[in-house]
>>> print(open('my_file20.pdb').read())   # PDB, C-alpha atoms, pLDDT in the B column
ATOM      1  CA  MET K   1      93.039 104.195 113.920  1.00 52.00           C
ATOM      2  CA  ALA K   2      91.497 101.705 116.369  1.00 59.00           C
ATOM      3  CA  ARG K   3      94.954 100.712 117.602  1.00 67.00           C
ATOM      4  CA  TYR K   4      95.702 104.326 118.633  1.00 64.00           C
ATOM      5  CA  GLY K   5      92.313 105.316 120.001  1.00 69.00           C
ATOM      6  CA  PHE K   6      89.610 106.785 117.794  1.00 73.00           C
ATOM      7  CA  SER K   7      89.195 109.189 114.953  1.00 77.00           C
ATOM      8  CA  PRO K   8      85.758 110.375 113.862  1.00 82.00           C
ATOM      9  CA  ALA K   9      84.928 110.555 110.196  1.00 85.00           C
ATOM     10  CA  THR K  10      85.884 113.819 108.496  1.00 88.00           C
ATOM     11  CA  ARG K  11      82.330 114.168 107.151  1.00 92.00           C
ATOM     12  CA  VAL K  12      81.082 114.810 110.718  1.00 93.00           C
ATOM     13  CA  PHE K  13      83.216 117.946 110.884  1.00 93.00           C
ATOM     14  CA  GLU K  14      82.356 118.969 107.334  1.00 94.00           C
ATOM     15  CA  ALA K  15      78.622 118.721 108.058  1.00 96.00           C
ATOM     16  CA  ALA K  16      79.031 120.551 111.368  1.00 96.00           C
ATOM     17  CA  GLY K  17      81.040 123.277 109.632  1.00 95.00           C
ATOM     18  CA  ALA K  18      78.142 123.740 107.238  1.00 96.00           C
ATOM     19  CA  GLY K  19      75.722 124.137 110.153  1.00 97.00           C
ATOM     20  CA  ALA K  20      73.940 120.822 109.625  1.00 97.00           C
ATOM     21  CA  CYS K  21      71.956 119.260 112.440  1.00 98.00           C
ATOM     22  CA  LEU K  22      73.676 115.883 112.788  1.00 96.00           C
ATOM     23  CA  ILE K  23      72.148 112.642 113.974  1.00 97.00           C
ATOM     24  CA  THR K  24      74.910 110.069 114.356  1.00 94.00           C
ATOM     25  CA  ASP K  25      75.367 106.605 115.705  1.00 91.00           C
ATOM     26  CA  TYR K  26      77.409 106.345 118.884  1.00 89.00           C
ATOM     27  CA  TRP K  27      81.185 106.389 118.513  1.00 87.00           C
ATOM     28  CA  GLU K  28      83.849 106.553 121.174  1.00 85.00           C
ATOM     29  CA  GLY K  29      84.892 110.092 122.012  1.00 88.00           C
ATOM     30  CA  ILE K  30      81.842 112.031 120.815  1.00 93.00           C
ATOM     31  CA  PRO K  31      81.881 114.327 123.879  1.00 94.00           C
ATOM     32  CA  GLN K  32      85.500 115.312 123.150  1.00 92.00           C
ATOM     33  CA  PHE K  33      84.365 116.789 119.845  1.00 93.00           C
ATOM     34  CA  PHE K  34      80.683 117.751 120.193  1.00 96.00           C
ATOM     35  CA  GLU K  35      78.246 117.945 123.096  1.00 98.00           C
ATOM     36  CA  PRO K  36      75.499 115.339 122.638  1.00 97.00           C
ATOM     37  CA  GLY K  37      72.048 116.877 122.750  1.00 97.00           C
ATOM     38  CA  ARG K  38      73.325 120.401 122.145  1.00 98.00           C
ATOM     39  CA  GLU K  39      75.754 120.187 119.199  1.00 98.00           C
ATOM     40  CA  ILE K  40      75.040 116.679 117.883  1.00 98.00           C
ATOM     41  CA  LEU K  41      72.289 114.109 118.316  1.00 98.00           C
ATOM     42  CA  VAL K  42      73.139 110.466 118.996  1.00 97.00           C
ATOM     43  CA  ALA K  43      70.933 107.516 118.113  1.00 96.00           C
ATOM     44  CA  ARG K  44      71.372 103.848 119.045  1.00 94.00           C
ATOM     45  CA  ASP K  45      69.620 102.472 115.971  1.00 95.00           C
ATOM     46  CA  GLY K  46      67.443 103.322 112.978  1.00 95.00           C
ATOM     47  CA  ALA K  47      64.281 103.398 115.072  1.00 97.00           C
ATOM     48  CA  GLU K  48      65.843 106.016 117.330  1.00 97.00           C
ATOM     49  CA  VAL K  49      66.932 108.075 114.314  1.00 96.00           C
ATOM     50  CA  ALA K  50      63.307 108.074 113.139  1.00 97.00           C
ATOM     51  CA  GLU K  51      62.078 108.999 116.612  1.00 97.00           C
ATOM     52  CA  ILE K  52      64.544 111.897 116.885  1.00 97.00           C
ATOM     53  CA  ALA K  53      63.683 113.137 113.390  1.00 96.00           C
ATOM     54  CA  ARG K  54      59.935 113.048 114.121  1.00 97.00           C
ATOM     55  CA  GLY K  55      60.382 115.058 117.310  1.00 96.00           C
ATOM     56  CA  LEU K  56      62.787 117.625 115.885  1.00 97.00           C
ATOM     57  CA  ASP K  57      61.298 120.900 114.721  1.00 96.00           C
ATOM     58  CA  PRO K  58      63.089 123.224 112.269  1.00 97.00           C
ATOM     59  CA  GLU K  59      64.073 125.735 114.941  1.00 98.00           C
ATOM     60  CA  GLN K  60      65.667 123.035 117.125  1.00 98.00           C
ATOM     61  CA  ALA K  61      67.512 121.683 114.087  1.00 98.00           C
ATOM     62  CA  ARG K  62      68.839 125.169 113.263  1.00 98.00           C
ATOM     63  CA  THR K  63      69.932 125.714 116.876  1.00 98.00           C
ATOM     64  CA  ILE K  64      71.784 122.391 117.029  1.00 98.00           C
ATOM     65  CA  GLY K  65      73.348 122.976 113.607  1.00 98.00           C
ATOM     66  CA  ALA K  66      74.481 126.462 114.592  1.00 98.00           C
ATOM     67  CA  ALA K  67      76.031 125.155 117.827  1.00 98.00           C
ATOM     68  CA  ALA K  68      77.828 122.399 115.894  1.00 98.00           C
ATOM     69  CA  ARG K  69      79.129 124.937 113.375  1.00 97.00           C
ATOM     70  CA  GLU K  70      80.368 127.263 116.106  1.00 98.00           C
ATOM     71  CA  ARG K  71      82.215 124.412 117.822  1.00 97.00           C
ATOM     72  CA  ALA K  72      83.661 123.055 114.573  1.00 96.00           C
ATOM     73  CA  LEU K  73      85.003 126.447 113.531  1.00 95.00           C
ATOM     74  CA  ALA K  74      86.330 127.202 117.019  1.00 96.00           C
ATOM     75  CA  GLU K  75      88.081 123.882 117.619  1.00 94.00           C
ATOM     76  CA  HIS K  76      88.023 121.500 114.669  1.00 91.00           C
ATOM     77  CA  THR K  77      89.438 123.063 111.515  1.00 89.00           C
ATOM     78  CA  TYR K  78      92.406 121.747 109.539  1.00 89.00           C
ATOM     79  CA  ALA K  79      94.401 124.660 110.970  1.00 93.00           C
ATOM     80  CA  HIS K  80      93.622 123.436 114.485  1.00 89.00           C
ATOM     81  CA  ARG K  81      94.721 119.898 113.617  1.00 86.00           C
ATOM     82  CA  ALA K  82      97.930 121.163 111.996  1.00 90.00           C
ATOM     83  CA  ALA K  83      98.746 123.201 115.099  1.00 91.00           C
ATOM     84  CA  GLN K  84      98.094 120.161 117.306  1.00 87.00           C
ATOM     85  CA  LEU K  85     100.350 118.004 115.142  1.00 90.00           C
ATOM     86  CA  GLU K  86     103.091 120.621 115.143  1.00 92.00           C
ATOM     87  CA  ALA K  87     102.883 120.907 118.935  1.00 91.00           C
ATOM     88  CA  LEU K  88     103.138 117.137 119.302  1.00 89.00           C
ATOM     89  CA  LEU K  89     106.090 116.881 116.928  1.00 92.00           C
ATOM     90  CA  CYS K  90     107.911 119.779 118.562  1.00 94.00           C
ATOM     91  CA  ALA K  91     107.390 118.282 122.028  1.00 90.00           C
ATOM     92  CA  SER K  92     109.178 115.072 121.029  1.00 70.00           C
TER      93      SER K  92
END
>>> encode(input="my_file20.pdb", output="structure tokens")
Amino acid sequence: MARYGFSPATRVFEAAGAGACLITDYWEGIPQFFEPGREILVARDGAEVAEIARGLDPEQARTIGAAARERALAEHTYAHRAAQLEALLCAS
């Protein structure tokens, strides 16, 4: 995957689809999939994960999880990926 760019772990999309409030480490391309601070939280290290978790109240977590779920269902389902692949293959 590294040779061709980047590909986030499937579990990120699965958790987002379930409405989970995600705290992730940085990976290339996050903004192409989820908006940091609104749909996903990004931490540099374990200390930052702890800091984010301490400052996060349940309502904020629900809001972020709901935004992640909305984005995942609108843009990141297997059906979306199949359509993208089909479009790429048909364009060749």
>>> resolve_selection(input="my_file20.pdb", expression="the PyMOL selection byres ((chain K and resi 53) around 12)", output="ChimeraX atom specification")
/K:21-24,41-43,46-52,54-58,60-61
>>> write_last_selection(input="my_file20.pdb", atoms="C-alpha atoms", output="PDB file, in the coordinates of the input")
ATOM      1  CA  CYS K  21      71.956 119.260 112.440  1.00 98.00           C
ATOM      2  CA  LEU K  22      73.676 115.883 112.788  1.00 96.00           C
ATOM      3  CA  ILE K  23      72.148 112.642 113.974  1.00 97.00           C
ATOM      4  CA  THR K  24      74.910 110.069 114.356  1.00 94.00           C
ATOM      5  CA  LEU K  41      72.289 114.109 118.316  1.00 98.00           C
ATOM      6  CA  VAL K  42      73.139 110.466 118.996  1.00 97.00           C
ATOM      7  CA  ALA K  43      70.933 107.516 118.113  1.00 96.00           C
ATOM      8  CA  GLY K  46      67.443 103.322 112.978  1.00 95.00           C
ATOM      9  CA  ALA K  47      64.281 103.398 115.072  1.00 97.00           C
ATOM     10  CA  GLU K  48      65.843 106.016 117.330  1.00 97.00           C
ATOM     11  CA  VAL K  49      66.932 108.075 114.314  1.00 96.00           C
ATOM     12  CA  ALA K  50      63.307 108.074 113.139  1.00 97.00           C
ATOM     13  CA  GLU K  51      62.078 108.999 116.612  1.00 97.00           C
ATOM     14  CA  ILE K  52      64.544 111.897 116.885  1.00 97.00           C
ATOM     15  CA  ARG K  54      59.935 113.048 114.121  1.00 97.00           C
ATOM     16  CA  GLY K  55      60.382 115.058 117.310  1.00 96.00           C
ATOM     17  CA  LEU K  56      62.787 117.625 115.885  1.00 97.00           C
ATOM     18  CA  ASP K  57      61.298 120.900 114.721  1.00 96.00           C
ATOM     19  CA  PRO K  58      63.089 123.224 112.269  1.00 97.00           C
ATOM     20  CA  GLN K  60      65.667 123.035 117.125  1.00 98.00           C
ATOM     21  CA  ALA K  61      67.512 121.683 114.087  1.00 98.00           C
TER      22      ALA K  61
END
>>> atom_distance(input="my_file20.pdb", atom1="CA of Arg44 (chain K)", atom2="CA of Ile30 (chain K)")
13.4 Å
>>> closest_residue(input="my_file20.pdb", among="K:Ala16, K:Gly29, K:Asp45, K:Pro36", to="Arg71 (chain K)", atoms="all atoms listed in the file")
K:Ala16
>>> resolve_selection(input="my_file20.pdb", expression="the PyMOL selection byres ((chain K and resi 76-90) around 12)", output="MDAnalysis selection string")
chainID K and resid 8 10:17 32:34 68:75 91:92
>>> atom_distance(input="my_file20.pdb", atom1="CA of Ala67 (chain K)", atom2="CA of Arg38 (chain K)")
7.0 Å
>>> atom_distance(input="my_file20.pdb", atom1="CA of Ala18 (chain K)", atom2="CA of Thr63 (chain K)")
12.8 Å
>>> closest_residue(input="my_file20.pdb", among="K:Trp27, K:Glu35, K:Gly19, K:Ile40", to="Gly65 (chain K)", atoms="all atoms listed in the file")
K:Gly19
>>> decode(input="my_file20.pdb", residues="region 5-40 of chain K", atoms="C-alpha atoms", output="PDB file, in the first residue's frame")
ATOM      1  CA  GLY K   5       0.001   6.024  -1.571  1.00  0.00           C
ATOM      2  CA  PHE K   6      -1.957   5.214   1.567  1.00  0.00           C
ATOM      3  CA  SER K   7      -4.861   3.140   2.700  1.00  0.00           C
ATOM      4  CA  PRO K   8      -6.362   3.576   6.159  1.00  0.00           C
ATOM      5  CA  ALA K   9      -7.253   0.540   8.198  1.00  0.00           C
ATOM      6  CA  THR K  10     -10.736  -0.847   7.567  1.00  0.00           C
ATOM      7  CA  ARG K  11     -11.467  -0.736  11.310  1.00  0.00           C
ATOM      8  CA  VAL K  12     -11.484   3.094  11.155  1.00  0.00           C
ATOM      9  CA  PHE K  13     -14.449   2.970   8.786  1.00  0.00           C
ATOM     10  CA  GLU K  14     -16.146   0.187  10.725  1.00  0.00           C
ATOM     11  CA  ALA K  15     -15.914   2.168  13.974  1.00  0.00           C
ATOM     12  CA  ALA K  16     -17.080   5.350  12.243  1.00  0.00           C
ATOM     13  CA  GLY K  17     -20.000   3.461  10.700  1.00  0.00           C
ATOM     14  CA  ALA K  18     -21.012   2.389  14.188  1.00  0.00           C
ATOM     15  CA  GLY K  19     -20.955   6.007  15.379  1.00  0.00           C
ATOM     16  CA  ALA K  20     -17.868   5.642  17.566  1.00  0.00           C
ATOM     17  CA  CYS K  21     -15.890   8.698  18.587  1.00  0.00           C
ATOM     18  CA  LEU K  22     -12.442   7.854  17.213  1.00  0.00           C
ATOM     19  CA  ILE K  23      -9.100   8.983  18.555  1.00  0.00           C
ATOM     20  CA  THR K  24      -6.394   7.920  16.116  1.00  0.00           C
ATOM     21  CA  ASP K  25      -2.725   8.441  15.576  1.00  0.00           C
ATOM     22  CA  TYR K  26      -1.800  10.576  12.589  1.00  0.00           C
ATOM     23  CA  TRP K  27      -1.764   8.871   9.198  1.00  0.00           C
ATOM     24  CA  GLU K  28      -1.327  10.372   5.769  1.00  0.00           C
ATOM     25  CA  GLY K  29      -4.604  11.326   4.140  1.00  0.00           C
ATOM     26  CA  ILE K  30      -6.850  11.644   7.197  1.00  0.00           C
ATOM     27  CA  PRO K  31      -8.534  14.808   5.850  1.00  0.00           C
ATOM     28  CA  GLN K  32      -9.494  12.982   2.635  1.00  0.00           C
ATOM     29  CA  PHE K  33     -11.603  10.596   4.697  1.00  0.00           C
ATOM     30  CA  PHE K  34     -12.626  12.405   7.904  1.00  0.00           C
ATOM     31  CA  GLU K  35     -12.373  15.987   9.135  1.00  0.00           C
ATOM     32  CA  PRO K  36     -10.006  16.149  12.121  1.00  0.00           C
ATOM     33  CA  GLY K  37     -11.631  17.749  15.136  1.00  0.00           C
ATOM     34  CA  ARG K  38     -15.153  17.292  13.795  1.00  0.00           C
ATOM     35  CA  GLU K  39     -15.396  13.671  12.587  1.00  0.00           C
ATOM     36  CA  ILE K  40     -12.224  12.163  14.076  1.00  0.00           C
TER      37      ILE K  40
END
